[in-house]
Amino acid sequence: MLKGANVIKVIGALLLLCTLVSCSQQFARKSCMAITSQAQYCLAPTVNALSAQSDISLSQMISMSHGQDNHELMTQLELSSQRMTLVGLAPLGQALFTLVYDGDTLQSEQSRLLGETFNAEYLMAIMQLIYWPTEQINQHLTDAQLRVTPCENALCKQLIDADGEQITINYSELNPWQAKISVTIKSADILLHITPL
């Protein structure tokens with residue numbers, strides 16, 4: 001039988017557990033989305049990214065600036081031939097979102113703190129633009145094209161839509177899985193710096 005202090009500890013633990021569970025919500029997301037005002041992108045199967053590679057597990061630090069706002073996010077990207085999983089964590093380790101894409105359906109679980117308008121699937125699409133082979137990306141793009149462009153870095157890519165809107169991706173080295181990467185989304189005034197950990 002539980003005594004006074006133990007009862008309070010158990011009730012406190014149960015309340016904390018209930019609070020944590022209620023702090024996240026699940027969504028069935030669409031795997032096709034507007035990547036710019038004119039272009040649509042549908043998530044590509046994971047087998048396209050792996051080709052000759054085995055499964056991939058990649059931890060990253062993402063620094064994002066939007067106008068005067070700056071944010072940091074840690075991500076864990078897991079790839080197998082059947083599934084792509086992207087987990088977002090706050091710098092202190094709190095789970096913010098988990099996305100799981102099996103090639104057909106996209107499931108999203110995210111913290112209520114992010115609000116219902118936060119679309120983590122857009123970040124998953126950006127990850128595919130970064131890491132998937134360019135020719136595979138173009139098969140899943142509508143009204144835009146991703147191209148390798150000349151630059152001073154080891155590798156640069158640019159997505160240009162029908163209105164000339166651009167997403168620019170710069171790599172510090174040729175192997176994207178090991179590179180430091182910057183992504184500029186001009187129309188949204190967003191700059192991402194992605195560093196593998």
# chains A, B, ... in the order shown; residues from 1 in each chain; ligands from 1
>>> residues_around(residues="His140 of chain A", least_positions_apart="2", cutoff="9 Å", atoms="only C-alpha atoms", output="count of residues only")
9
>>> closest_atom_pairs(of="segment 35-107 of chain A", to="segment 160-167 of chain A", cutoff="10 Å", atoms="only C-alpha atoms", output="Markdown table")
| residue | atom | partner | partner_atom | distance |
| --- | --- | --- | --- | --- |
| A:Ile35 | CA | A:Ile167 | CA | 9.1 |
| A:Thr36 | CA | A:Glu165 | CA | 7.0 |
| A:Ser37 | CA | A:Glu165 | CA | 7.9 |
| A:Gln38 | CA | A:Asp161 | CA | 6.2 |
| A:Ala39 | CA | A:Asp161 | CA | 5.9 |
| A:Gln40 | CA | A:Asp161 | CA | 9.4 |
>>> closest_residue(among="A:Gln158, A:Gln76, A:Gln68, A:Ser81", to="Thr98 of chain A", atoms="only C-alpha atoms")
A:Gln76
>>> closest_residue(among="A:Ser31, A:Ser54, A:Leu141, A:Lys157", to="Val100 of chain A", atoms="only C-alpha atoms")
A:Ser31
>>> residues_around(residues="His71 of chain A", least_positions_apart="3", cutoff="10 Å", atoms="only C-alpha atoms", output="VMD selection string")
chain A and resid 62 to 66 90 to 91 192
>>> residues_around(residues="Leu159 of chain A", least_positions_apart="4", cutoff="7 Å", atoms="only C-alpha atoms", output="PyMOL selection string")
chain A and resi 144-147+166-168
>>> residues_around(residues="Ile169 of chain A", least_positions_apart="6", cutoff="6 Å", atoms="only C-alpha atoms", output="ChimeraX atom specification")
/A:156-157,182-183
>>> closest_residue(among="A:Thr46, A:Lys30, A:Trp177, A:Gly93", to="Ser108 of chain A", atoms="only C-alpha atoms")
A:Lys30
>>> atom_distance(atom1="atom CA of Gln128 of chain A", atom2="atom CA of Ala95 of chain A")
21.5 Å
>>> closest_residue(among="A:Pro150, A:Pro196, A:Gly67, A:Pro45", to="Gln82 of chain A", atoms="only C-alpha atoms")
A:Pro45
>>> closest_residue(among="A:Gln178, A:Ser187, A:Asn70, A:Ser80", to="Tyr131 of chain A", atoms="only C-alpha atoms")
A:Gln178
>>> closest_residue(among="A:Ser172, A:Thr149, A:Gln60, A:Thr85", to="Ala120 of chain A", atoms="only C-alpha atoms")
A:Thr85
>>> select_by_dssp(residues="segment 15-194 of chain A", states="alpha helix (DSSP H)", output="count of residues only")
30
>>> decode(residues="segment 141-152 of chain A", atoms="all heavy atoms", output="PDB file, in the first residue's frame")
ATOM      1  N   LEU A 141       9.102  16.932 -59.401  1.00  0.00           N
ATOM      2  CA  LEU A 141       8.820  18.373 -59.419  1.00  0.00           C
ATOM      3  C   LEU A 141       7.838  18.705 -60.541  1.00  0.00           C
ATOM      4  O   LEU A 141       7.899  18.122 -61.621  1.00  0.00           O
ATOM      5  CB  LEU A 141      10.106  19.158 -59.677  1.00  0.00           C
ATOM      6  CG  LEU A 141      10.951  19.607 -58.494  1.00  0.00           C
ATOM      7  CD1 LEU A 141      12.258  20.207 -59.003  1.00  0.00           C
ATOM      8  CD2 LEU A 141      10.214  20.592 -57.615  1.00  0.00           C
ATOM      9  N   THR A 142       6.967  19.670 -60.297  1.00  0.00           N
ATOM     10  CA  THR A 142       6.067  20.193 -61.320  1.00  0.00           C
ATOM     11  C   THR A 142       6.303  21.694 -61.414  1.00  0.00           C
ATOM     12  O   THR A 142       6.330  22.393 -60.392  1.00  0.00           O
ATOM     13  CB  THR A 142       4.596  19.930 -60.947  1.00  0.00           C
ATOM     14  OG1 THR A 142       4.430  18.529 -60.710  1.00  0.00           O
ATOM     15  CG2 THR A 142       3.649  20.366 -62.051  1.00  0.00           C
ATOM     16  N   ASP A 143       6.474  22.188 -62.635  1.00  0.00           N
ATOM     17  CA  ASP A 143       6.664  23.622 -62.907  1.00  0.00           C
ATOM     18  C   ASP A 143       7.935  24.184 -62.286  1.00  0.00           C
ATOM     19  O   ASP A 143       7.978  25.364 -61.904  1.00  0.00           O
ATOM     20  CB  ASP A 143       5.447  24.437 -62.447  1.00  0.00           C
ATOM     21  CG  ASP A 143       4.199  24.071 -63.239  1.00  0.00           C
ATOM     22  OD1 ASP A 143       4.337  23.764 -64.432  1.00  0.00           O
ATOM     23  OD2 ASP A 143       3.106  24.091 -62.656  1.00  0.00           O
ATOM     24  N   ALA A 144       8.967  23.384 -62.194  1.00  0.00           N
ATOM     25  CA  ALA A 144      10.281  23.838 -61.734  1.00  0.00           C
ATOM     26  C   ALA A 144      11.313  22.796 -62.112  1.00  0.00           C
ATOM     27  O   ALA A 144      10.967  21.666 -62.480  1.00  0.00           O
ATOM     28  CB  ALA A 144      10.292  24.074 -60.232  1.00  0.00           C
ATOM     29  N   GLN A 145      12.566  23.177 -62.008  1.00  0.00           N
ATOM     30  CA  GLN A 145      13.652  22.241 -62.283  1.00  0.00           C
ATOM     31  C   GLN A 145      14.803  22.520 -61.335  1.00  0.00           C
ATOM     32  O   GLN A 145      15.120  23.671 -61.038  1.00  0.00           O
ATOM     33  CB  GLN A 145      14.126  22.372 -63.735  1.00  0.00           C
ATOM     34  CG  GLN A 145      15.118  21.289 -64.119  1.00  0.00           C
ATOM     35  CD  GLN A 145      15.446  21.322 -65.600  1.00  0.00           C
ATOM     36  OE1 GLN A 145      15.466  22.388 -66.204  1.00  0.00           O
ATOM     37  NE2 GLN A 145      15.734  20.178 -66.173  1.00  0.00           N
ATOM     38  N   LEU A 146      15.417  21.442 -60.856  1.00  0.00           N
ATOM     39  CA  LEU A 146      16.616  21.535 -60.030  1.00  0.00           C
ATOM     40  C   LEU A 146      17.821  21.266 -60.921  1.00  0.00           C
ATOM     41  O   LEU A 146      17.832  20.279 -61.670  1.00  0.00           O
ATOM     42  CB  LEU A 146      16.561  20.510 -58.887  1.00  0.00           C
ATOM     43  CG  LEU A 146      17.710  20.551 -57.879  1.00  0.00           C
ATOM     44  CD1 LEU A 146      17.705  21.856 -57.078  1.00  0.00           C
ATOM     45  CD2 LEU A 146      17.645  19.358 -56.934  1.00  0.00           C
ATOM     46  N   ARG A 147      18.833  22.158 -60.854  1.00  0.00           N
ATOM     47  CA  ARG A 147      20.014  22.018 -61.699  1.00  0.00           C
ATOM     48  C   ARG A 147      21.273  22.198 -60.879  1.00  0.00           C
ATOM     49  O   ARG A 147      21.287  22.979 -59.914  1.00  0.00           O
ATOM     50  CB  ARG A 147      20.019  23.084 -62.795  1.00  0.00           C
ATOM     51  CG  ARG A 147      18.882  22.968 -63.787  1.00  0.00           C
ATOM     52  CD  ARG A 147      19.079  23.950 -64.918  1.00  0.00           C
ATOM     53  NE  ARG A 147      18.940  25.326 -64.474  1.00  0.00           N
ATOM     54  CZ  ARG A 147      18.083  26.191 -65.012  1.00  0.00           C
ATOM     55  NH1 ARG A 147      17.288  25.819 -65.985  1.00  0.00           N
ATOM     56  NH2 ARG A 147      18.025  27.420 -64.571  1.00  0.00           N
ATOM     57  N   VAL A 148      22.331  21.514 -61.283  1.00  0.00           N
ATOM     58  CA  VAL A 148      23.664  21.775 -60.742  1.00  0.00           C
ATOM     59  C   VAL A 148      24.185  23.017 -61.445  1.00  0.00           C
ATOM     60  O   VAL A 148      24.079  23.131 -62.672  1.00  0.00           O
ATOM     61  CB  VAL A 148      24.601  20.572 -60.966  1.00  0.00           C
ATOM     62  CG1 VAL A 148      26.016  20.895 -60.524  1.00  0.00           C
ATOM     63  CG2 VAL A 148      24.074  19.336 -60.234  1.00  0.00           C
ATOM     64  N   THR A 149      24.705  23.966 -60.673  1.00  0.00           N
ATOM     65  CA  THR A 149      25.182  25.227 -61.251  1.00  0.00           C
ATOM     66  C   THR A 149      26.628  25.473 -60.859  1.00  0.00           C
ATOM     67  O   THR A 149      27.084  25.024 -59.800  1.00  0.00           O
ATOM     68  CB  THR A 149      24.313  26.413 -60.762  1.00  0.00           C
ATOM     69  OG1 THR A 149      24.337  26.449 -59.327  1.00  0.00           O
ATOM     70  CG2 THR A 149      22.882  26.281 -61.235  1.00  0.00           C
ATOM     71  N   PRO A 150      27.371  26.202 -61.701  1.00  0.00           N
ATOM     72  CA  PRO A 150      28.762  26.520 -61.341  1.00  0.00           C
ATOM     73  C   PRO A 150      28.810  27.474 -60.152  1.00  0.00           C
ATOM     74  O   PRO A 150      27.937  28.333 -59.997  1.00  0.00           O
ATOM     75  CB  PRO A 150      29.313  27.196 -62.609  1.00  0.00           C
ATOM     76  CG  PRO A 150      28.156  27.493 -63.484  1.00  0.00           C
ATOM     77  CD  PRO A 150      26.979  26.715 -62.995  1.00  0.00           C
ATOM     78  N   CYS A 151      29.812  27.298 -59.294  1.00  0.00           N
ATOM     79  CA  CYS A 151      29.947  28.159 -58.117  1.00  0.00           C
ATOM     80  C   CYS A 151      31.338  27.987 -57.536  1.00  0.00           C
ATOM     81  O   CYS A 151      32.128  27.182 -58.015  1.00  0.00           O
ATOM     82  CB  CYS A 151      28.885  27.816 -57.073  1.00  0.00           C
ATOM     83  SG  CYS A 151      29.093  26.181 -56.345  1.00  0.00           S
ATOM     84  N   GLU A 152      31.634  28.744 -56.472  1.00  0.00           N
ATOM     85  CA  GLU A 152      32.946  28.674 -55.826  1.00  0.00           C
ATOM     86  C   GLU A 152      33.015  27.568 -54.787  1.00  0.00           C
ATOM     87  O   GLU A 152      34.091  27.253 -54.295  1.00  0.00           O
ATOM     88  CB  GLU A 152      33.274  30.025 -55.186  1.00  0.00           C
ATOM     89  CG  GLU A 152      33.435  31.136 -56.202  1.00  0.00           C
ATOM     90  CD  GLU A 152      33.738  32.475 -55.562  1.00  0.00           C
ATOM     91  OE1 GLU A 152      33.837  32.532 -54.320  1.00  0.00           O
ATOM     92  OE2 GLU A 152      33.867  33.458 -56.309  1.00  0.00           O
TER      93      GLU A 152
END
